[in-house]
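Participant: If it helps, the file is called query.txt and holds compact mmCIF, C-alpha atoms and all ligand atoms:
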```txt
# COMPACT_ATOMS: atom_id res chain seq x y z
CA MET A 2 9.02 23.20 -77.30
CA THR A 3 8.46 20.30 -74.90
CA THR A 4 5.37 18.17 -75.53
CA ASN A 5 5.22 15.77 -72.63
CA LEU A 6 4.41 12.15 -73.37
CA ILE A 7 1.40 10.99 -71.39
CA ASP A 8 -0.18 7.61 -72.07
CA GLN A 9 -3.82 6.51 -72.02
CA PHE A 10 -3.53 5.61 -68.31
CA ASN A 11 -2.16 9.06 -67.43
CA ARG A 12 1.39 7.82 -66.90
CA THR A 13 4.10 10.29 -67.93
CA ILE A 14 6.89 8.76 -70.03
CA ASN A 15 10.24 10.38 -69.30
CA TYR A 16 12.59 7.41 -69.69
CA ILE A 17 13.72 5.48 -72.78
CA ARG A 18 15.82 2.36 -72.96
CA ILE A 19 17.60 1.84 -76.25
CA SER A 20 18.99 -1.49 -77.38
CA VAL A 21 21.93 -0.56 -79.58
CA THR A 22 22.66 -4.10 -80.76
CA ASP A 23 21.16 -7.58 -80.56
CA ARG A 24 24.68 -9.05 -80.50
CA CYS A 25 26.49 -10.13 -77.38
CA ASP A 26 29.69 -11.88 -76.39
CA PHE A 27 27.72 -13.91 -73.78
CA ARG A 28 24.80 -16.30 -74.26
CA CYS A 29 23.12 -16.17 -70.84
CA ILE A 30 20.79 -19.14 -70.54
CA TYR A 31 17.77 -17.02 -69.51
CA CYS A 32 18.36 -14.41 -72.20
CA MET A 33 19.53 -16.14 -75.35
CA ALA A 34 19.54 -19.47 -77.13
CA GLU A 35 22.87 -21.26 -77.43
CA LYS A 36 22.90 -20.73 -81.17
CA MET A 37 21.74 -17.28 -82.15
CA THR A 38 21.26 -15.72 -85.56
CA PHE A 39 21.84 -12.02 -85.32
CA LEU A 40 20.34 -9.35 -87.54
CA PRO A 41 22.15 -8.22 -90.67
CA ARG A 42 23.72 -4.80 -90.10
CA ASP A 43 21.42 -2.90 -92.48
CA GLU A 44 18.42 -3.99 -90.38
CA VAL A 45 19.89 -2.35 -87.30
CA LEU A 46 19.64 1.39 -86.60
CA THR A 47 22.86 3.28 -87.31
CA LEU A 48 24.44 5.09 -84.37
CA GLU A 49 23.39 8.38 -86.02
CA GLU A 50 19.77 7.19 -86.17
CA ILE A 51 19.89 6.14 -82.51
CA CYS A 52 21.26 9.54 -81.54
CA ARG A 53 18.61 11.29 -83.62
CA LEU A 54 15.85 9.28 -81.94
CA ALA A 55 17.17 10.02 -78.45
CA ASN A 56 17.35 13.71 -79.33
CA ILE A 57 13.75 13.64 -80.62
CA PHE A 58 12.52 11.97 -77.42
CA SER A 59 14.43 14.53 -75.38
CA THR A 60 12.29 17.28 -76.94
CA MET A 61 9.21 15.33 -75.78
CA GLY A 62 9.97 15.29 -72.07
CA VAL A 63 12.38 12.34 -71.90
CA THR A 64 15.21 13.13 -69.51
CA LYS A 65 16.65 9.69 -68.85
CA VAL A 66 18.24 7.44 -71.46
CA ARG A 67 19.59 3.96 -70.76
CA ILE A 68 21.82 2.33 -73.36
CA THR A 69 21.43 -1.43 -73.36
CA GLY A 70 21.34 -4.43 -75.70
CA GLY A 71 22.54 -7.18 -76.40
CA GLU A 72 25.85 -6.04 -75.08
CA PRO A 73 26.10 -2.34 -75.88
CA LEU A 74 29.86 -2.15 -75.43
CA VAL A 75 30.54 -4.66 -78.23
CA ARG A 76 28.96 -2.36 -80.81
CA LYS A 77 31.60 -0.84 -83.08
CA ASN A 78 32.16 2.90 -82.50
CA ILE A 79 29.83 2.93 -79.49
CA ASP A 80 32.07 5.65 -77.99
CA SER A 81 30.72 8.15 -80.53
CA LEU A 82 27.13 7.52 -79.36
CA PHE A 83 27.95 8.28 -75.74
CA GLN A 84 29.99 11.32 -76.75
CA ASN A 85 27.17 12.69 -78.91
CA LEU A 86 24.39 11.99 -76.41
CA SER A 87 26.37 13.68 -73.66
CA LYS A 88 26.08 16.96 -75.62
CA ASN A 89 22.27 16.94 -75.23
CA LYS A 90 21.52 19.02 -72.15
CA ASN A 91 17.88 17.84 -72.01
CA ILE A 92 19.16 14.36 -71.19
CA LYS A 93 19.81 14.67 -67.47
CA GLU A 94 20.75 11.04 -66.99
CA LEU A 95 22.65 8.89 -69.45
CA THR A 96 23.07 5.36 -68.12
CA LEU A 97 24.21 1.97 -69.29
CA THR A 98 23.47 -1.69 -68.60
CA THR A 99 26.42 -3.94 -69.43
CA ASN A 100 27.70 -7.44 -68.81
CA GLY A 101 31.01 -5.83 -67.81
CA SER A 102 33.23 -7.78 -70.21
CA GLN A 103 34.44 -4.65 -72.03
CA LEU A 104 34.61 -2.25 -69.10
CA ILE A 105 38.34 -2.60 -68.86
CA HIS A 106 38.53 -0.77 -72.23
CA LYS A 107 35.46 1.43 -71.99
CA ALA A 108 35.02 2.66 -68.41
CA ALA A 109 37.17 5.77 -68.82
CA MET A 110 35.37 6.76 -72.03
CA LEU A 111 32.00 6.34 -70.30
CA LYS A 112 33.04 8.52 -67.38
CA GLU A 113 34.38 11.20 -69.75
CA SER A 114 31.08 11.11 -71.65
CA GLY A 115 29.20 12.00 -68.49
CA VAL A 116 27.81 8.58 -67.60
CA LYS A 117 27.41 8.69 -63.83
CA ARG A 118 25.67 5.43 -63.05
CA ILE A 119 26.11 2.01 -64.59
CA ASN A 120 24.43 -1.34 -64.05
CA ILE A 121 26.63 -4.40 -64.37
CA SER A 122 25.17 -7.90 -64.59
CA LEU A 123 26.97 -10.36 -62.34
CA ASP A 124 25.06 -13.58 -61.72
CA SER A 125 27.80 -15.50 -59.94
CA LEU A 126 31.17 -15.15 -58.24
CA ASN A 127 31.98 -18.78 -58.98
CA PRO A 128 33.75 -19.28 -62.34
CA THR A 129 32.00 -22.60 -63.04
CA THR A 130 28.52 -21.29 -62.26
CA PHE A 131 29.28 -18.09 -64.16
CA LYS A 132 30.24 -20.13 -67.22
CA LYS A 133 27.14 -22.31 -66.84
CA MET A 134 24.88 -19.26 -66.77
CA THR A 135 26.58 -17.11 -69.41
CA ARG A 136 27.77 -20.04 -71.57
CA THR A 137 30.55 -17.98 -73.19
CA GLY A 138 31.37 -15.43 -70.49
CA ASN A 139 34.62 -15.17 -68.56
CA LEU A 140 34.26 -14.19 -64.91
CA ASN A 141 37.79 -12.83 -64.73
CA ASP A 142 37.13 -10.27 -67.48
CA VAL A 143 34.02 -9.08 -65.67
CA MET A 144 35.74 -8.83 -62.29
CA ASN A 145 38.61 -6.88 -63.88
CA GLY A 146 36.03 -4.67 -65.56
CA ILE A 147 34.25 -3.98 -62.26
CA ASN A 148 37.55 -3.17 -60.54
CA HIS A 149 38.46 -0.82 -63.35
CA ALA A 150 35.06 0.89 -63.17
CA LEU A 151 35.60 1.31 -59.42
CA ASP A 152 39.00 2.93 -60.07
CA VAL A 153 37.52 5.26 -62.68
CA GLY A 154 34.97 6.31 -60.07
CA PHE A 155 31.32 6.38 -61.14
CA GLU A 156 28.71 8.00 -58.90
CA LYS A 157 26.96 4.66 -58.56
CA ILE A 158 27.51 1.13 -59.77
CA LYS A 159 24.72 -1.37 -59.35
CA LEU A 160 24.98 -5.11 -59.81
CA ASN A 161 22.09 -6.90 -61.53
CA ILE A 162 21.50 -10.49 -60.53
CA VAL A 163 19.01 -12.95 -62.00
CA LEU A 164 18.69 -15.62 -59.31
CA MET A 165 17.91 -19.14 -60.57
CA ARG A 166 16.91 -21.96 -58.27
CA ASP A 167 19.59 -24.60 -57.77
CA ILE A 168 21.95 -22.73 -60.08
CA ASN A 169 23.12 -19.52 -58.35
CA ASP A 170 20.61 -19.03 -55.51
CA SER A 171 23.10 -20.31 -52.94
CA GLU A 172 25.23 -17.23 -53.71
CA ILE A 173 22.71 -14.69 -52.50
CA PHE A 174 24.76 -13.82 -49.39
CA ASP A 175 28.16 -13.92 -51.14
CA LEU A 176 26.92 -11.60 -53.87
CA THR A 177 25.41 -9.21 -51.32
CA ASN A 178 28.62 -9.23 -49.25
CA TYR A 179 30.62 -8.56 -52.41
CA ALA A 180 28.40 -5.53 -53.10
CA ILE A 181 28.80 -4.31 -49.51
CA ASP A 182 32.60 -4.73 -49.57
CA HIS A 183 32.87 -2.70 -52.78
CA GLY A 184 30.28 -0.02 -51.95
CA LEU A 185 27.94 -1.13 -54.75
CA ASP A 186 24.16 -1.39 -54.92
CA ILE A 187 22.68 -4.73 -55.89
CA SER A 188 19.39 -5.65 -57.56
CA PHE A 189 17.77 -9.03 -57.78
CA ILE A 190 15.61 -9.45 -60.90
CA GLU A 191 12.87 -12.05 -61.11
CA GLU A 192 13.35 -14.10 -64.26
CA MET A 193 10.89 -13.08 -66.95
CA PRO A 194 9.36 -15.38 -69.59
CA LEU A 195 10.89 -13.65 -72.61
CA GLY A 196 11.98 -16.00 -75.40
CA LEU A 197 11.99 -19.80 -75.51
CA THR A 198 14.54 -21.51 -73.27
CA ASP A 199 15.70 -25.13 -73.11
CA TYR A 200 14.53 -25.37 -69.46
CA GLU A 201 11.26 -24.55 -67.72
CA ARG A 202 11.39 -21.06 -66.22
CA LYS A 203 8.77 -22.11 -63.69
CA ILE A 204 11.30 -24.48 -62.14
CA THR A 205 14.21 -22.03 -61.95
CA SER A 206 12.35 -18.84 -61.08
CA ILE A 207 12.55 -17.47 -57.54
CA SER A 208 10.17 -14.93 -56.10
CA ASN A 209 11.74 -11.81 -54.65
CA ASP A 210 9.57 -12.35 -51.55
CA GLU A 211 11.75 -15.39 -50.91
CA VAL A 212 14.88 -13.38 -51.65
CA ILE A 213 14.07 -10.66 -49.13
CA LYS A 214 13.06 -13.24 -46.53
CA ASN A 215 16.46 -14.92 -46.94
CA LEU A 216 18.40 -11.68 -46.86
CA ASN A 217 16.58 -10.66 -43.69
CA THR A 218 18.07 -13.67 -41.89
CA ARG A 219 21.60 -12.24 -42.30
CA PHE A 220 21.31 -8.50 -42.80
CA SER A 221 19.49 -5.73 -41.02
CA LEU A 222 17.30 -4.34 -43.79
CA GLU A 223 15.02 -1.34 -43.90
CA LYS A 224 12.61 -0.55 -46.72
CA ILE A 225 13.42 2.91 -48.11
CA ASN A 226 11.70 5.32 -50.43
CA TYR A 227 14.65 5.54 -52.85
CA LYS A 228 13.87 5.97 -56.56
CA THR A 229 16.10 5.76 -59.63
CA GLY A 230 13.37 6.04 -62.25
CA GLY A 231 13.36 2.27 -62.76
CA PRO A 232 11.01 -0.43 -61.44
CA ALA A 233 13.12 -1.54 -58.44
CA LYS A 234 11.93 -1.19 -54.84
CA TYR A 235 14.79 -0.57 -52.42
CA TRP A 236 16.01 -1.64 -48.98
CA SER A 237 19.01 -0.22 -47.14
CA ILE A 238 21.43 -2.48 -45.26
CA GLN A 239 22.27 -1.08 -41.86
CA ASN A 240 25.81 0.33 -41.48
CA THR A 241 26.61 -0.02 -45.19
CA GLN A 242 26.40 2.17 -48.30
CA THR A 243 24.69 -0.64 -50.17
CA LYS A 244 21.07 -0.57 -51.23
CA ILE A 245 19.27 -3.72 -52.27
CA GLY A 246 16.83 -3.37 -55.16
CA LEU A 247 14.16 -5.90 -55.99
CA ILE A 248 12.75 -5.97 -59.51
CA SER A 249 9.67 -8.11 -59.14
CA PRO A 250 7.49 -8.30 -62.25
CA HIS A 251 5.80 -11.46 -60.90
CA SER A 252 5.42 -10.99 -57.17
CA HIS A 253 4.88 -7.18 -57.14
CA ASN A 254 3.70 -5.93 -60.50
CA PHE A 255 5.19 -2.46 -61.05
CA CYS A 256 3.26 -1.45 -64.17
CA GLY A 257 1.14 1.20 -62.40
CA ASP A 258 4.22 3.44 -62.14
CA CYS A 259 5.58 2.67 -65.60
CA ASN A 260 7.43 5.69 -66.97
CA ARG A 261 9.38 4.11 -69.81
CA VAL A 262 9.32 2.76 -73.34
CA ARG A 263 11.93 0.75 -75.20
CA ILE A 264 13.51 1.08 -78.61
CA SER A 265 14.87 -2.11 -80.12
CA CYS A 266 18.01 -2.18 -82.24
CA LYS A 267 15.70 -2.39 -85.29
CA GLY A 268 13.99 0.85 -84.36
CA GLU A 269 10.82 -0.77 -83.03
CA LEU A 270 9.27 1.30 -80.28
CA TYR A 271 8.04 -1.27 -77.76
CA LEU A 272 5.48 0.24 -75.45
CA CYS A 273 5.84 -2.58 -72.89
CA LEU A 274 8.61 -5.13 -72.27
CA GLY A 275 6.07 -7.90 -71.77
CA GLN A 276 3.73 -7.23 -74.71
CA GLU A 277 4.04 -7.26 -78.48
CA THR A 278 2.57 -3.74 -78.87
CA LYS A 279 4.97 -1.66 -80.95
CA ILE A 280 5.38 0.84 -83.74
CA GLU A 281 8.14 0.86 -86.36
CA LEU A 282 10.34 3.95 -86.32
CA MET A 283 13.10 2.87 -88.72
CA PRO A 284 11.02 3.43 -91.91
CA LEU A 285 10.08 6.93 -90.72
CA LEU A 286 13.67 7.80 -89.82
CA ARG A 287 14.78 6.75 -93.31
CA LEU A 288 11.85 8.31 -95.16
CA PHE A 289 12.18 11.67 -93.39
CA PRO A 290 15.92 12.23 -92.87
CA ASN A 291 15.48 15.99 -92.40
CA ASP A 292 12.03 16.26 -90.83
CA ASP A 293 11.41 15.09 -87.27
CA GLY A 294 7.69 16.01 -87.44
CA PRO A 295 6.32 12.64 -88.65
CA ILE A 296 8.46 10.76 -86.12
CA LYS A 297 7.24 12.94 -83.25
CA GLU A 298 3.67 12.46 -84.41
CA ALA A 299 4.08 8.67 -84.45
CA ILE A 300 5.60 8.70 -80.96
CA THR A 301 2.81 10.92 -79.63
CA ASN A 302 0.18 8.60 -81.15
CA SER A 303 1.87 5.52 -79.67
CA MET A 304 0.91 6.75 -76.20
CA LYS A 305 -2.70 5.75 -77.01
CA ILE A 306 -1.69 2.09 -77.35
CA LYS A 307 0.75 1.68 -74.47
CA PRO A 308 -0.59 -1.38 -72.63
CA GLN A 309 -1.68 -1.09 -69.01
CA SER A 310 0.45 -4.04 -67.89
CA HIS A 311 2.58 -6.99 -68.90
CA GLU A 312 0.96 -10.45 -68.74
CA PHE A 313 3.82 -12.59 -67.51
CA ASP A 314 2.62 -16.00 -66.37
CA LEU A 315 5.23 -18.63 -65.55
CA ASN A 316 2.55 -21.32 -65.53
CA LYS A 317 2.02 -20.95 -69.27
CA LYS A 318 3.99 -23.35 -71.43
CA ASN A 319 4.87 -20.69 -73.99
CA PRO A 320 6.59 -17.43 -73.04
CA ALA A 321 4.58 -14.22 -72.78
CA VAL A 322 6.54 -12.86 -75.72
CA VAL A 323 8.77 -14.88 -78.01
CA ARG A 324 11.49 -12.26 -78.39
CA PHE A 325 14.40 -12.45 -75.99
CA MET A 326 15.25 -9.57 -73.68
CA SER A 327 18.40 -8.97 -75.77
CA HIS A 328 16.18 -7.92 -78.73
CA THR A 329 14.05 -5.40 -76.86
CA GLY A 330 16.76 -4.22 -74.47
CA GLY A 331 16.70 -5.02 -70.77
N1 LIG A 401 24.16 -7.33 -71.92
C1 LIG A 401 23.86 -6.41 -70.91
C2 LIG A 401 23.74 -7.09 -69.56
O1 LIG A 401 23.68 -8.30 -69.50
O2 LIG A 401 23.70 -6.36 -68.56
C3 LIG A 401 22.61 -5.57 -71.19
C4 LIG A 401 21.43 -6.27 -71.77
S1 LIG A 401 20.66 -7.49 -70.73
C5 LIG A 401 19.31 -7.99 -71.74
C6 LIG A 401 19.94 -6.46 -69.47
C7 LIG A 401 19.51 -7.16 -68.22
O3 LIG A 401 18.46 -8.01 -68.53
C8 LIG A 401 20.60 -8.01 -67.57
O4 LIG A 401 20.75 -7.62 -66.23
C9 LIG A 401 20.04 -9.42 -67.65
O5 LIG A 401 20.40 -10.19 -66.54
C10 LIG A 401 18.55 -9.16 -67.70
N2 LIG A 401 17.77 -10.23 -68.33
C11 LIG A 401 17.93 -10.80 -69.55
N3 LIG A 401 16.98 -11.73 -69.79
C12 LIG A 401 16.19 -11.76 -68.69
C13 LIG A 401 15.02 -12.50 -68.32
N4 LIG A 401 14.49 -13.41 -69.11
N5 LIG A 401 14.47 -12.24 -67.11
C14 LIG A 401 15.00 -11.31 -66.28
N6 LIG A 401 16.09 -10.57 -66.57
C15 LIG A 401 16.69 -10.80 -67.76
FE1 LIG A 402 24.17 -10.89 -73.34
FE2 LIG A 402 23.18 -9.42 -71.39
FE3 LIG A 402 21.63 -11.24 -72.60
FE4 LIG A 402 23.62 -12.07 -71.06
S1 LIG A 402 21.81 -10.88 -70.39
S2 LIG A 402 23.15 -12.83 -73.12
S3 LIG A 402 25.13 -10.52 -71.36
S4 LIG A 402 22.47 -9.45 -73.51
```
Just give me the structure of the file as structure tokens.

Facilitator:
Amino acid sequence: MTTNLIDQFNRTINYIRISVTDRCDFRCIYCMAEKMTFLPRDEVLTLEEICRLANIFSTMGVTKVRITGGEPLVRKNIDSLFQNLSKNKNIKELTLTTNGSQLIHKAAMLKESGVKRINISLDSLNPTTFKKMTRTGNLNDVMNGINHALDVGFEKIKLNIVLMRDINDSEIFDLTNYAIDHGLDISFIEEMPLGLTDYERKITSISNDEVIKNLNTRFSLEKINYKTGGPAKYWSIQNTQTKIGLISPHSHNFCGDCNRVRISCKGELYLCLGQETKIELMPLLRLFPNDDGPIKEAITNSMKIKPQSHEFDLNKKNPAVVRFMSHTGG
């Protein structure tokens, strides 16, 4: 029986994002510290527990599942998770956010597992800037991964870009042209104050109002009513297949339409990306291996504490939440 999840502000939750690992082969400057200590393996949900949780949510009205991280494709045996989730017919959309480094090995498996749309993060087309932003990433691997994903043929590939002032903002047109040339969508994400960084986010952050103003000087854009279930607002570019998405937590708060919750790799159910409000699901999963009832009850009750909105404020010295995006899952 389906018991729809409706929160205290009457928002229906039909979308979960699951972080399958806190580990990553990159150390993007806005997402991680240079030196990271990752969780011991027994503090991370097993792939079976992740699958069980997704299946439980799917009996509660969730139809869209995004696998994220950390870098989901570096998790050992990740193939089995996609293969198992693809068997769940209640999950209408199984998607992935990846840094692209492993796509050369994993794209075919993802397609075979029924993944139709993937988001690939690509902050720069310049190897030096790419290295500066990802610290340990290799642009060539990502470009090969994108080309391979294009050959495999997904329904939609979207690029995710975090624009940072005086670092990669001069590439806004090159990145958009790259997306147009390859028939990809492209989203610009405003940098969010998640985790402590060694620079001031206020200095690097760029409002998406500025982004769209810039793009309008070169491209013929039209605002469209396109929805993917996520927070992006979309523009089409005349005479191209490419849509531009803007994810603007600062300049255009999107919380009123929030339809999602996040599960961290530790099994914490975060009710909002930008708040600490959470419940712990790992103890319940381990205490009740054969009874989903208590877990469903906890999830249903969590709807009463889902916050109305994030409280991101770039003017504050300390970040809104101290955990990095890689912990909660972007
Ligand atoms: N490793 C994968 C990747 O990079 O696509 C998936 C996880 S990553 C946390 C998901 C998305 O979050 C990426 O597009 C990344 O650029 C974005 N992200 C990470 N930290 C962010 C921050 N502080 N503000 C805005 N976006 C951020
Ligand atoms: Fe890794 Fe993605 Fe975070 Fe970059 S944004 S450090 S690729 S998890």

Participant: Taking all atoms listed in the file into account, name the residue in A:Leu151, A:Met193, A:Leu286, A:Ile225 that is nearest to ligand LIG 402 (chain A).

Facilitator: A:Met193

Participant: Throw together the list of residues within 8 Å of ligand LIG 401 (chain A), counting only C-alpha atoms and all ligand atoms, and drop it here as a ChimeraX atom specification.

Facilitator: /A:20,25,27,29,31-33,69-73,97-101,120-124,161-163,190-196,325-331

Participant: Would you compute, for all listed atoms of stretch 17-20 of chain A, the axis-aligned bounding box grown by 5 Å on each side, and then report its centre and edge lengths in Å rounded to one decimal, as AutoDock Vina command-line options?

Facilitator:
```
--center_x 16.4 --center_y 2.0 --center_z -75.1 --size_x 15.3 --size_y 17.0 --size_z 14.6
```

Participant: Go through A:Lys90, A:Lys234, A:Arg287, A:Lys65 and flag the residue nearest A:Glu49, using only C-alpha atoms for the distances.

Facilitator: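 Answer, going by the shortest atom-to-atom distance: A:Arg287.
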
Participant: Identify which of the residues A:Leu140, A:Leu86, A:Ile248, A:Leu126 lies closest to A:Ser171, counting all atoms listed in the file when measuring atom-to-atom distances.

Facilitator: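 Closest to A:Ser171 of all the choices is A:Leu126.
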
Participant: Work out how far atom CA of A:Leu48 is from atom CA of A:Asn15, in Å to one decimal.

Facilitator: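 Atom CA of A:Leu48 lies 21.4 Å from atom CA of A:Asn15.
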
Participant: One decimal, in Å: what's the spacing between atom CA of A:Ile181 and atom CA of A:Arg118?

Facilitator: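 Between atom CA of A:Ile181 and atom CA of A:Arg118 the gap is 17.0 Å.
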
Participant: Given the choices A:Met61, A:Ile30, A:Ile207, A:Val153, which gets closest to ligand LIG 402 (chain A) if the distance is worked out from all atoms listed in the file?

Facilitator: A:Ile30

Participant: Can you work out the spacing between atom CA of A:Asn169 and atom CA of A:Lys133 in Å, to one decimal?

Facilitator: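 So the two atoms, atom CA of A:Asn169 and atom CA of A:Lys133, lie 9.8 Å apart.
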
Participant: Out of A:Ala34, A:Ile306, A:Met144, A:Cys273, which residue has the shortest atom-to-atom distance to ligand LIG 402 (chain A) when counting all atoms listed in the file?

Facilitator: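 Between A:Ala34, A:Ile306, A:Met144, A:Cys273, the residue approaching ligand LIG 402 (chain A) most closely is A:Ala34.
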
Participant: Point out the residue among A:Phe10, A:Phe289, A:Tyr271, A:Phe220 with the least atom-to-atom distance to A:Ser303, counting all atoms listed in the file.

Facilitator: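 Nearest to A:Ser303: A:Tyr271.
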
Participant: Tell me which protein, DNA and RNA residues are within 12 Å of A:Arg53, counting all atoms listed in the file, leaving out same-chain ones fewer than 4 positions away, and put them as an MDAnalysis selection string.

Facilitator: chainID A and resid 46:49 57:60 82 85:86 89 268 282:283 285:287 289:293 296:297
